[in-house]
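As provided, model_4.pdb (PDB, C-alpha atoms) reads as follows.
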ATOM      1  CA  MET A   1      82.199 -31.745  67.288  1.00  0.00           C
ATOM      2  CA  GLU A   2      80.001 -30.578  70.009  1.00  0.00           C
ATOM      3  CA  ALA A   3      76.838 -28.626  69.168  1.00  0.00           C
ATOM      4  CA  LYS A   4      76.732 -25.042  70.423  1.00  0.00           C
ATOM      5  CA  ARG A   5      73.950 -24.551  72.948  1.00  0.00           C
ATOM      6  CA  ASN A   6      71.732 -21.481  72.794  1.00  0.00           C
ATOM      7  CA  TYR A   7      70.698 -20.307  76.278  1.00  0.00           C
ATOM      8  CA  TRP A   8      68.772 -17.196  75.126  1.00  0.00           C
ATOM      9  CA  PRO A   9      65.320 -18.870  75.111  1.00  0.00           C
ATOM     10  CA  LEU A  10      65.914 -20.197  78.610  1.00  0.00           C
ATOM     11  CA  LEU A  11      67.033 -16.784  79.886  1.00  0.00           C
ATOM     12  CA  ALA A  12      64.054 -15.071  78.231  1.00  0.00           C
ATOM     13  CA  LEU A  13      61.653 -17.555  79.841  1.00  0.00           C
ATOM     14  CA  LEU A  14      63.306 -17.034  83.246  1.00  0.00           C
ATOM     15  CA  ALA A  15      63.081 -13.231  82.889  1.00  0.00           C
ATOM     16  CA  LEU A  16      59.452 -13.488  81.838  1.00  0.00           C
ATOM     17  CA  ALA A  17      58.661 -15.612  84.904  1.00  0.00           C
ATOM     18  CA  THR A  18      60.442 -13.335  87.402  1.00  0.00           C
ATOM     19  CA  LEU A  19      59.238 -10.010  85.976  1.00  0.00           C
ATOM     20  CA  PRO A  20      55.775 -10.133  87.683  1.00  0.00           C
ATOM     21  CA  LEU A  21      57.435 -11.019  90.982  1.00  0.00           C
ATOM     22  CA  ALA A  22      59.840  -8.083  90.685  1.00  0.00           C
ATOM     23  CA  VAL A  23      57.009  -5.679  89.831  1.00  0.00           C
ATOM     24  CA  ALA A  24      54.928  -6.963  92.757  1.00  0.00           C
ATOM     25  CA  MET A  25      57.826  -6.539  95.167  1.00  0.00           C
ATOM     26  CA  LEU A  26      58.505  -3.020  93.888  1.00  0.00           C
ATOM     27  CA  SER A  27      54.848  -2.125  94.317  1.00  0.00           C
ATOM     28  CA  TYR A  28      54.602  -3.642  97.791  1.00  0.00           C
ATOM     29  CA  PHE A  29      57.856  -2.430  99.303  1.00  0.00           C
ATOM     30  CA  GLY A  30      58.218   0.801  97.340  1.00  0.00           C
ATOM     31  CA  GLY A  31      54.580   1.884  97.451  1.00  0.00           C
ATOM     32  CA  ILE A  32      54.597   2.436  93.697  1.00  0.00           C
ATOM     33  CA  GLY A  33      51.290   1.824  91.974  1.00  0.00           C
ATOM     34  CA  VAL A  34      49.300   1.440  95.192  1.00  0.00           C
ATOM     35  CA  PRO A  35      45.908   3.174  94.900  1.00  0.00           C
ATOM     36  CA  VAL A  36      45.456   6.042  97.340  1.00  0.00           C
ATOM     37  CA  GLY A  37      41.737   6.429  96.767  1.00  0.00           C
ATOM     38  CA  ARG A  38      39.010   4.716  98.704  1.00  0.00           C
ATOM     39  CA  VAL A  39      35.693   3.280  97.745  1.00  0.00           C
ATOM     40  CA  ASN A  40      33.574   4.087 100.785  1.00  0.00           C
ATOM     41  CA  LYS A  41      31.781   7.439 100.958  1.00  0.00           C
ATOM     42  CA  GLY A  42      31.410   7.494 104.729  1.00  0.00           C
ATOM     43  CA  GLU A  43      34.081   8.244 107.306  1.00  0.00           C
ATOM     44  CA  LEU A  44      35.689   4.964 108.353  1.00  0.00           C
ATOM     45  CA  VAL A  45      35.984   4.432 112.106  1.00  0.00           C
ATOM     46  CA  LEU A  46      39.682   3.594 112.453  1.00  0.00           C
ATOM     47  CA  THR A  47      39.798   2.696 116.134  1.00  0.00           C
ATOM     48  CA  PRO A  48      37.639  -0.311 116.980  1.00  0.00           C
ATOM     49  CA  THR A  49      34.733   1.078 118.995  1.00  0.00           C
ATOM     50  CA  ALA A  50      31.787  -0.910 120.264  1.00  0.00           C
ATOM     51  CA  VAL A  51      28.381   0.762 120.259  1.00  0.00           C
ATOM     52  CA  ALA A  52      28.015  -0.547 123.816  1.00  0.00           C
ATOM     53  CA  SER A  53      30.477   2.149 124.914  1.00  0.00           C
ATOM     54  CA  TRP A  54      27.756   4.714 124.132  1.00  0.00           C
ATOM     55  CA  GLN A  55      25.591   3.192 126.897  1.00  0.00           C
ATOM     56  CA  LEU A  56      22.412   3.230 124.825  1.00  0.00           C
ATOM     57  CA  SER A  57      19.115   2.356 126.426  1.00  0.00           C
ATOM     58  CA  ALA A  58      15.588   1.973 125.126  1.00  0.00           C
ATOM     59  CA  SER A  59      12.859   4.435 126.059  1.00  0.00           C
ATOM     60  CA  ASP A  60      11.663   1.951 128.685  1.00  0.00           C
ATOM     61  CA  GLY A  61      15.123   2.018 130.323  1.00  0.00           C
ATOM     62  CA  GLU A  62      16.416  -1.358 129.126  1.00  0.00           C
ATOM     63  CA  SER A  63      20.007  -1.530 127.888  1.00  0.00           C
ATOM     64  CA  TRP A  64      20.381  -1.763 124.101  1.00  0.00           C
ATOM     65  CA  GLN A  65      23.329  -3.415 122.357  1.00  0.00           C
ATOM     66  CA  GLY A  66      22.084  -3.672 118.757  1.00  0.00           C
ATOM     67  CA  GLN A  67      23.741  -6.972 117.951  1.00  0.00           C
ATOM     68  CA  GLY A  68      22.630  -9.467 115.349  1.00  0.00           C
ATOM     69  CA  ARG A  69      21.829  -7.134 112.443  1.00  0.00           C
ATOM     70  CA  TRP A  70      23.387  -4.174 110.704  1.00  0.00           C
ATOM     71  CA  GLN A  71      22.205  -0.973 112.397  1.00  0.00           C
ATOM     72  CA  LEU A  72      21.729   2.522 110.991  1.00  0.00           C
ATOM     73  CA  LEU A  73      21.846   4.902 113.950  1.00  0.00           C
ATOM     74  CA  LEU A  74      20.538   8.405 113.317  1.00  0.00           C
ATOM     75  CA  VAL A  75      22.232  10.400 116.078  1.00  0.00           C
ATOM     76  CA  VAL A  76      20.882  13.923 116.621  1.00  0.00           C
ATOM     77  CA  GLU A  77      20.615  16.383 119.474  1.00  0.00           C
ATOM     78  CA  ARG A  78      16.904  17.048 118.826  1.00  0.00           C
ATOM     79  CA  CYS A  79      14.572  15.712 116.201  1.00  0.00           C
ATOM     80  CA  GLU A  80      13.423  18.563 113.979  1.00  0.00           C
ATOM     81  CA  ASP A  81      12.761  18.838 110.239  1.00  0.00           C
ATOM     82  CA  GLY A  82      16.155  17.451 109.181  1.00  0.00           C
ATOM     83  CA  CYS A  83      15.780  14.517 111.527  1.00  0.00           C
ATOM     84  CA  LEU A  84      12.286  13.745 110.246  1.00  0.00           C
ATOM     85  CA  ALA A  85      13.515  13.888 106.653  1.00  0.00           C
ATOM     86  CA  TRP A  86      16.405  11.539 107.424  1.00  0.00           C
ATOM     87  CA  GLN A  87      14.090   9.103 109.206  1.00  0.00           C
ATOM     88  CA  HIS A  88      11.941   8.952 106.088  1.00  0.00           C
ATOM     89  CA  THR A  89      15.021   8.624 103.871  1.00  0.00           C
ATOM     90  CA  LEU A  90      16.462   5.802 105.985  1.00  0.00           C
ATOM     91  CA  GLY A  91      13.157   3.974 105.692  1.00  0.00           C
ATOM     92  CA  GLN A  92      13.280   4.355 101.919  1.00  0.00           C
ATOM     93  CA  LEU A  93      16.905   3.199 101.808  1.00  0.00           C
ATOM     94  CA  GLN A  94      15.994   0.141 103.817  1.00  0.00           C
ATOM     95  CA  LYS A  95      13.187  -0.699 101.383  1.00  0.00           C
ATOM     96  CA  ALA A  96      15.517  -0.132  98.422  1.00  0.00           C
ATOM     97  CA  LEU A  97      17.828  -2.865  99.716  1.00  0.00           C
ATOM     98  CA  GLY A  98      15.289  -5.417  98.479  1.00  0.00           C
ATOM     99  CA  ARG A  99      15.949  -8.908  99.812  1.00  0.00           C
ATOM    100  CA  ASP A 100      18.599  -7.549 102.205  1.00  0.00           C
ATOM    101  CA  GLN A 101      16.253  -5.159 103.985  1.00  0.00           C
ATOM    102  CA  GLN A 102      15.671  -7.667 106.794  1.00  0.00           C
ATOM    103  CA  ARG A 103      19.395  -7.565 107.588  1.00  0.00           C
ATOM    104  CA  VAL A 104      19.273  -3.851 108.489  1.00  0.00           C
ATOM    105  CA  GLU A 105      17.534  -2.015 111.314  1.00  0.00           C
ATOM    106  CA  ARG A 106      17.375   1.733 111.827  1.00  0.00           C
ATOM    107  CA  GLN A 107      17.304   3.499 115.150  1.00  0.00           C
ATOM    108  CA  LEU A 108      16.986   7.064 116.366  1.00  0.00           C
ATOM    109  CA  VAL A 109      19.478   8.081 119.073  1.00  0.00           C
ATOM    110  CA  LEU A 110      18.693  11.182 121.133  1.00  0.00           C
ATOM    111  CA  PRO A 111      19.550  12.594 124.551  1.00  0.00           C
ATOM    112  CA  ARG A 112      16.980  11.422 127.101  1.00  0.00           C
ATOM    113  CA  ALA A 113      15.443  14.910 127.500  1.00  0.00           C
ATOM    114  CA  ALA A 114      14.755  15.207 123.760  1.00  0.00           C
ATOM    115  CA  ALA A 115      13.445  11.638 123.479  1.00  0.00           C
ATOM    116  CA  LYS A 116      10.435  12.318 125.701  1.00  0.00           C
ATOM    117  CA  GLY A 117       9.118  14.963 123.324  1.00  0.00           C
ATOM    118  CA  VAL A 118       9.805  12.816 120.282  1.00  0.00           C
ATOM    119  CA  ALA A 119       7.907   9.835 121.690  1.00  0.00           C
ATOM    120  CA  ALA A 120       4.951  12.122 122.388  1.00  0.00           C
ATOM    121  CA  HIS A 121       4.868  13.190 118.720  1.00  0.00           C
ATOM    122  CA  GLY A 122       5.045   9.607 117.461  1.00  0.00           C
ATOM    123  CA  VAL A 123       8.402  10.009 115.717  1.00  0.00           C
ATOM    124  CA  ILE A 124       9.664   6.457 116.050  1.00  0.00           C
ATOM    125  CA  ALA A 125      12.275   4.686 113.928  1.00  0.00           C
ATOM    126  CA  ASN A 126      11.607   0.978 113.533  1.00  0.00           C
ATOM    127  CA  LYS A 127       9.231   0.820 116.549  1.00  0.00           C
ATOM    128  CA  ALA A 128      11.751   2.071 119.131  1.00  0.00           C
ATOM    129  CA  VAL A 129      13.427   5.314 120.118  1.00  0.00           C
ATOM    130  CA  PHE A 130      16.814   4.832 121.699  1.00  0.00           C
ATOM    131  CA  VAL A 131      18.184   7.430 124.025  1.00  0.00           C
ATOM    132  CA  SER A 132      21.711   7.893 125.197  1.00  0.00           C
ATOM    133  CA  ALA A 133      23.465   9.320 128.189  1.00  0.00           C
ATOM    134  CA  GLY A 134      26.925   9.095 126.610  1.00  0.00           C
ATOM    135  CA  VAL A 135      26.569  10.359 123.033  1.00  0.00           C
ATOM    136  CA  ALA A 136      27.994  13.830 122.620  1.00  0.00           C
ATOM    137  CA  VAL A 137      26.621  16.393 120.168  1.00  0.00           C
ATOM    138  CA  SER A 138      29.844  16.063 118.148  1.00  0.00           C
ATOM    139  CA  ASN A 139      28.790  12.495 117.283  1.00  0.00           C
ATOM    140  CA  GLN A 140      25.781  13.660 115.271  1.00  0.00           C
ATOM    141  CA  GLY A 141      25.251  11.942 111.970  1.00  0.00           C
ATOM    142  CA  ILE A 142      24.351   8.513 110.703  1.00  0.00           C
ATOM    143  CA  TRP A 143      26.434   5.676 112.065  1.00  0.00           C
ATOM    144  CA  LEU A 144      26.640   2.242 110.497  1.00  0.00           C
ATOM    145  CA  VAL A 145      27.073  -0.522 113.092  1.00  0.00           C
ATOM    146  CA  ASP A 146      27.983  -4.076 112.127  1.00  0.00           C
ATOM    147  CA  PRO A 147      26.078  -7.115 113.504  1.00  0.00           C
ATOM    148  CA  LEU A 148      28.759  -7.634 116.152  1.00  0.00           C
ATOM    149  CA  GLY A 149      28.082  -4.177 117.611  1.00  0.00           C
ATOM    150  CA  ASN A 150      31.109  -2.308 116.214  1.00  0.00           C
ATOM    151  CA  LEU A 151      30.923   1.171 114.736  1.00  0.00           C
ATOM    152  CA  VAL A 152      32.029   0.926 111.102  1.00  0.00           C
ATOM    153  CA  LEU A 153      31.208   4.113 109.177  1.00  0.00           C
ATOM    154  CA  ARG A 154      29.906   7.606 109.962  1.00  0.00           C
ATOM    155  CA  TYR A 155      28.020   9.849 107.561  1.00  0.00           C
ATOM    156  CA  ARG A 156      27.451  13.551 108.021  1.00  0.00           C
ATOM    157  CA  LEU A 157      23.852  14.700 107.837  1.00  0.00           C
ATOM    158  CA  ASP A 158      24.685  16.889 104.820  1.00  0.00           C
ATOM    159  CA  GLN A 159      25.906  13.940 102.728  1.00  0.00           C
ATOM    160  CA  PRO A 160      23.623  12.597  99.998  1.00  0.00           C
ATOM    161  CA  PRO A 161      21.699   9.413 100.881  1.00  0.00           C
ATOM    162  CA  GLN A 162      23.076   7.701  97.765  1.00  0.00           C
ATOM    163  CA  ALA A 163      26.515   7.564  99.415  1.00  0.00           C
ATOM    164  CA  LEU A 164      25.107   5.657 102.371  1.00  0.00           C
ATOM    165  CA  PHE A 165      23.087   3.377 100.090  1.00  0.00           C
ATOM    166  CA  LYS A 166      26.093   2.434  97.931  1.00  0.00           C
ATOM    167  CA  ASP A 167      28.280   1.652 100.938  1.00  0.00           C
ATOM    168  CA  LEU A 168      25.538  -0.331 102.659  1.00  0.00           C
ATOM    169  CA  LYS A 169      24.756  -2.323  99.519  1.00  0.00           C
ATOM    170  CA  ARG A 170      28.461  -3.124  99.070  1.00  0.00           C
ATOM    171  CA  LEU A 171      28.884  -4.178 102.713  1.00  0.00           C
ATOM    172  CA  LEU A 172      25.822  -6.401 102.656  1.00  0.00           C
ATOM    173  CA  LYS A 173      27.046  -8.034  99.459  1.00  0.00           C
ATOM    174  CA  VAL A 174      30.435  -9.027 100.877  1.00  0.00           C
ATOM    175  CA  SER A 175      29.305  -9.761 104.435  1.00  0.00           C
ATOM    176  CA  ASN A 176      27.929 -13.094 105.563  1.00  0.00           C
ATOM    177  CA  VAL A 177      27.260 -11.774 109.060  1.00  0.00           C
ATOM    178  CA  GLY A 178      23.872 -10.380 109.997  1.00  0.00           C
TER
END
Is it possible to express this structure as structure tokens?
Amino acid sequence: MEAKRNYWPLLALLALATLPLAVAMLSYFGGIGVPVGRVNKGELVLTPTAVASWQLSASDGESWQGQGRWQLLLVVERCEDGCLAWQHTLGQLQKALGRDQQRVERQLVLPRAAAKGVAAHGVIANKAVFVSAGVAVSNQGIWLVDPLGNLVLRYRLDQPPQALFKDLKRLLKVSNVG
């Protein structure tokens, strides 16, 4: 007589092997279980925009591209109390980065008319005041620019500095550029 074969263990093993694949396909194609939240606190720049499109120039008139390091651009219409406070805060954030502080530079971006008064008062971020002919008032805030010169994140001036610090720390940790 022939022995009766039991296929149940084989079928159970096959089901156990294909179950993760089926769940992954359901999640991918059906959108089930996909997280809708985000980690970054700043507003992500969805369309690739180079900071060069802002046509920034130094106070001496030279063109400025800001490539090679991560840049924190403080963009304001005029530098008053809030601007001065943010300049101090950005300096403290840069120091708090520890060994990564050399990878980040901070710049102040103002319309040319406002920059003349600022330079006279000695309000200078990282030894240079950058002025712009193309930055509109609606672009005010703190912009994070990657080492390749692309705008990455934007922070409103009413956001807490901790949000910027956490995002910057995370980006520097995963980035080998700059």
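Nearest residue to Gln65 (chain A), choosing from A:Thr18, A:Gln140, A:Gln107, A:Gln159 and counting all atoms listed in the file: A:Gln107.
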Output check: residues returned by the PyMOL selection byres ((chain A and resi 164) around 12), as a ChimeraX atom specification: /A:39-43,72,86,89-90,92-94,96-97,141-144,153-163,165-171
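Closest approach to Leu84 (chain A) from the set A:Val177, A:Val34, A:Leu108, A:Ala17 is made by A:Leu108, with distances taken over only C-alpha atoms.
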Between CA of Phe130 (chain A) and CA of Glu105 (chain A) - distance in Å to one decimal: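 These atoms are spaced 12.5 Å apart.
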Computed interatomic separation between CA of Ala50 (chain A) and CA of Asp81 (chain A) (Å): 29.2 Å
Best match for closeness to Leu44 (chain A) among A:Leu10, A:Leu19, A:Ala113, A:Val145, counting only C-alpha atoms: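 Selected residue with least distance to Leu44 (chain A): A:Val145.
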With 5 Å added on each side, what axis-aligned box encloses every listed atom of region 99-116 of chain A? Give the centre and edge lengths in Å to one decimal, as JSON.
{"center_x": 15.0, "center_y": 3.1, "center_z": 113.7, "size_x": 19.1, "size_y": 34.1, "size_z": 37.7}
Å distance separating CA of Leu73 (chain A) from CA of Gly98 (chain A), one decimal place: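 Computed distance, CA of Leu73 (chain A) to CA of Gly98 (chain A), equals 19.7 Å.
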Counting all atoms listed in the file, the option among A:Val76, A:Leu16, A:Asn150, A:Leu172 closest to Thr47 (chain A): A:Asn150
Nearest to Pro111 (chain A) by atom-to-atom distance, counting all atoms listed in the file, from A:Gln67, A:Gln87, A:Ser57, A:Asn6: A:Ser57
Selection: 12 Å around Leu148 (chain A), all atoms listed in the file, excl. self and same-chain fewer than 3 positions, as a list in words: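 Everything that qualifies: Pro48, Thr49, Ala50, Val51, Ala52, Gln65, Gly66, Gln67, Gly68, Arg69, Trp70, Gln71, Leu144, Val145, Leu151, Val152, Ser175, Asn176, Val177 and Gly178 of chain A.
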Taking C-alpha atoms for each residue, export the selection above as a PDB file, in the frame of the given file.
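Listing of again-v5.pdb after writing:
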ATOM      1  CA  PRO A  48      37.639  -0.311 116.980  1.00  0.00           C
ATOM      2  CA  THR A  49      34.733   1.078 118.995  1.00  0.00           C
ATOM      3  CA  ALA A  50      31.787  -0.910 120.264  1.00  0.00           C
ATOM      4  CA  VAL A  51      28.381   0.762 120.259  1.00  0.00           C
ATOM      5  CA  ALA A  52      28.015  -0.547 123.816  1.00  0.00           C
ATOM      6  CA  GLN A  65      23.329  -3.415 122.357  1.00  0.00           C
ATOM      7  CA  GLY A  66      22.084  -3.672 118.757  1.00  0.00           C
ATOM      8  CA  GLN A  67      23.741  -6.972 117.951  1.00  0.00           C
ATOM      9  CA  GLY A  68      22.630  -9.467 115.349  1.00  0.00           C
ATOM     10  CA  ARG A  69      21.829  -7.134 112.443  1.00  0.00           C
ATOM     11  CA  TRP A  70      23.387  -4.174 110.704  1.00  0.00           C
ATOM     12  CA  GLN A  71      22.205  -0.973 112.397  1.00  0.00           C
ATOM     13  CA  LEU A 144      26.640   2.242 110.497  1.00  0.00           C
ATOM     14  CA  VAL A 145      27.073  -0.522 113.092  1.00  0.00           C
ATOM     15  CA  LEU A 151      30.923   1.171 114.736  1.00  0.00           C
ATOM     16  CA  VAL A 152      32.029   0.926 111.102  1.00  0.00           C
ATOM     17  CA  SER A 175      29.305  -9.761 104.435  1.00  0.00           C
ATOM     18  CA  ASN A 176      27.929 -13.094 105.563  1.00  0.00           C
ATOM     19  CA  VAL A 177      27.260 -11.774 109.060  1.00  0.00           C
ATOM     20  CA  GLY A 178      23.872 -10.380 109.997  1.00  0.00           C
TER      21      GLY A 178
END
A:Gly91, A:Gly31, A:Gly149, A:Gly37 ranked by distance to Ser53 (chain A), top pick (using all atoms listed in the file):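 Of A:Gly91, A:Gly31, A:Gly149, A:Gly37, the one nearest Ser53 (chain A) is A:Gly149, counting all atoms listed in the file.
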